[in-house]
>>> print(open('coords-v7.cif').read())   # mmCIF, C-alpha atoms
data_target
#
loop_
_atom_site.label_atom_id
_atom_site.label_comp_id
_atom_site.auth_asym_id
_atom_site.auth_seq_id
_atom_site.Cartn_x
_atom_site.Cartn_y
_atom_site.Cartn_z
CA MET A 69 -13.32 28.16 -21.42
CA ALA A 70 -11.88 26.69 -24.59
CA VAL A 71 -10.98 29.04 -27.39
CA ASP A 72 -11.95 28.23 -30.99
CA ILE A 73 -8.45 28.50 -32.47
CA LYS A 74 -9.51 28.75 -36.11
CA LYS A 75 -12.09 31.42 -35.28
CA LEU A 76 -9.49 33.27 -33.20
CA PHE A 77 -6.96 33.49 -36.04
CA ASN A 78 -9.39 33.77 -38.97
CA GLU A 79 -11.90 36.24 -37.49
CA GLU A 80 -11.27 37.60 -33.99
CA LEU A 81 -7.58 38.49 -34.17
CA PRO A 82 -7.76 40.12 -37.65
CA ALA A 83 -10.73 42.25 -36.49
CA ALA A 84 -8.96 43.19 -33.24
CA LEU A 85 -5.78 44.13 -35.12
CA ALA A 86 -7.73 46.32 -37.54
CA LYS A 87 -9.44 48.05 -34.60
CA ASN A 88 -6.12 48.59 -32.75
CA ALA A 89 -3.87 49.05 -35.78
CA GLU A 90 -1.52 51.73 -34.43
CA ASP A 91 -1.13 49.99 -31.08
CA ALA A 92 -0.52 46.64 -32.77
CA LYS A 93 2.26 48.06 -34.96
CA THR A 94 4.21 49.02 -31.83
CA ILE A 95 4.97 45.31 -31.32
CA GLY A 96 7.11 45.62 -34.47
CA ALA A 97 7.40 42.02 -35.64
CA LYS A 98 6.10 39.27 -37.91
CA TYR A 99 5.02 36.01 -36.25
CA GLN A 100 4.41 32.59 -37.69
CA MET A 101 2.02 30.55 -35.53
CA ASN A 102 2.03 26.82 -36.26
CA ILE A 103 -0.61 25.11 -34.15
CA THR A 104 -0.52 21.34 -34.57
CA GLY A 105 -3.93 19.99 -35.48
CA GLU A 106 -5.40 23.44 -36.23
CA GLY A 107 -3.38 25.29 -38.85
CA GLU A 108 -0.71 27.86 -39.60
CA TRP A 109 -1.08 31.63 -39.53
CA ASN A 110 1.19 34.58 -40.20
CA ILE A 111 0.65 37.65 -38.03
CA ASP A 112 2.21 40.93 -39.16
CA VAL A 113 2.33 43.56 -36.43
CA SER A 114 5.23 45.45 -37.96
CA ALA A 115 5.10 48.86 -39.66
CA SER A 116 3.70 47.17 -42.79
CA GLY A 117 0.85 45.52 -40.85
CA PRO A 118 -1.28 44.78 -39.08
CA SER A 119 -2.62 41.59 -40.62
CA CYS A 120 -3.31 37.98 -39.77
CA LYS A 121 -3.53 35.51 -42.63
CA SER A 122 -3.62 31.78 -43.04
CA GLY A 123 -0.48 30.09 -44.38
CA THR A 124 3.26 30.13 -43.90
CA TYR A 125 5.26 33.27 -44.65
CA PRO A 126 8.63 34.71 -43.57
CA ALA A 127 8.61 35.73 -39.90
CA ASP A 128 10.87 37.18 -37.21
CA CYS A 129 9.60 34.67 -34.66
CA THR A 130 8.02 31.26 -35.27
CA ILE A 131 5.93 29.58 -32.59
CA THR A 132 5.12 25.87 -32.85
CA ILE A 133 2.71 24.40 -30.31
CA ALA A 134 0.08 21.66 -30.05
CA SER A 135 -3.54 22.83 -29.95
CA GLU A 136 -4.15 21.64 -26.37
CA ASP A 137 -1.05 23.48 -25.17
CA PHE A 138 -2.12 26.62 -27.03
CA GLN A 139 -5.47 26.42 -25.21
CA LYS A 140 -3.71 26.44 -21.85
CA LEU A 141 -1.31 29.17 -22.96
CA PHE A 142 -4.18 31.37 -24.18
CA GLU A 143 -6.06 30.95 -20.89
CA ASN A 144 -3.08 31.97 -18.73
CA PRO A 145 -0.15 33.26 -20.82
CA GLN A 146 1.97 34.48 -17.93
CA ALA A 147 1.91 31.24 -15.95
CA ASN A 148 1.96 28.81 -18.85
CA GLY A 149 4.34 30.36 -21.39
CA MET A 150 7.67 29.69 -19.73
CA GLN A 151 6.45 26.40 -18.28
CA ARG A 152 5.50 25.10 -21.74
CA PHE A 153 8.71 26.45 -23.29
CA PHE A 154 10.97 24.70 -20.78
CA ALA A 155 8.91 21.50 -21.03
CA GLY A 156 9.53 21.51 -24.79
CA LYS A 157 5.85 21.96 -25.59
CA LEU A 158 6.30 25.49 -26.95
CA LYS A 159 8.98 25.78 -29.60
CA VAL A 160 10.31 29.19 -30.59
CA THR A 161 12.63 29.82 -33.52
CA GLY A 162 13.97 33.16 -34.68
CA ASN A 163 13.97 36.06 -32.25
CA GLN A 164 12.93 34.46 -28.95
CA MET A 165 12.50 37.83 -27.22
CA LEU A 166 9.56 38.52 -29.52
CA ALA A 167 7.73 35.55 -28.00
CA MET A 168 7.48 37.61 -24.82
CA LYS A 169 5.36 40.15 -26.72
CA LEU A 170 2.69 37.60 -27.63
CA GLN A 171 0.75 38.47 -24.51
CA LYS A 172 0.33 42.03 -25.79
CA LEU A 173 -0.70 40.72 -29.20
CA PHE A 174 -3.47 38.54 -27.77
CA SER A 175 -4.57 41.26 -25.34
CA PHE A 176 -6.25 42.99 -28.30
CA THR A 177 -8.79 40.16 -28.69
#
>>> encode(input="coords-v7.cif", output="structure tokens")
Amino acid sequence: MAVDIKKLFNEELPAALAKNAEDAKTIGAKYQMNITGEGEWNIDVSASGPSCKSGTYPADCTITIASEDFQKLFENPQANGMQRFFAGKLKVTGNQMLAMKLQKLFSFT
């Protein structure tokens, strides 16, 4: 089932982070999600968070991915994350180890 990426980042994820604020802060990072064809969002799950807002802001880990690849990644993060990374379809800058925590982040939704 396809995920509505804009709805995910503008409505669902912010609501889920607010509901699971203390748990979300344990991730301890700021992410920049750049999804080609959809938009850019900054996700703060550090001690100063949690929040998810549209736009580009300083981050510990920046993820750049095409919308169709994000769809596949969201459906099956464990199987598709590394595969997309090594195929060059998932670009990670900054602290790459934080990319491994994205599964926990999206588990709140």
>>> closest_residue(input="coords-v7.cif", among="A:Asp128, A:Asp72, A:Asp91, A:Glu79", to="Thr161 in chain A", atoms="only C-alpha atoms")
A:Asp128
>>> resolve_selection(input="coords-v7.cif", expression="the PyMOL selection byres ((chain A and resi 149) around 12)", output="ChimeraX atom specification")
/A:131,133,137-148,150-160,167-171
>>> atom_distance(input="coords-v7.cif", atom1="CA of Ile111 in chain A", atom2="CA of Lys87 in chain A")
14.9 Å
>>> closest_residue(input="coords-v7.cif", among="A:Ile95, A:Ser119, A:Thr177, A:Val71", to="Met165 in chain A", atoms="all atoms listed in the file")
A:Ile95
>>> closest_residue(input="coords-v7.cif", among="A:Ala84, A:Ala134, A:Ala127, A:Ala70", to="Leu166 in chain A", atoms="only C-alpha atoms")
A:Ala127
>>> closest_residue(input="coords-v7.cif", among="A:Ser116, A:Asn110, A:Asn163, A:Gln100", to="Thr132 in chain A", atoms="only C-alpha atoms")
A:Gln100
>>> resolve_selection(input="coords-v7.cif", expression="the PyMOL selection byres ((chain A and resi 82) around 12)", output="number ranges by chain")
A: 74-81, 83-89, 92, 109-113, 117-122, 173-174, 176-177
>>> atom_distance(input="coords-v7.cif", atom1="CA of Gly107 in chain A", atom2="CA of Gly123 in chain A")
7.9 Å
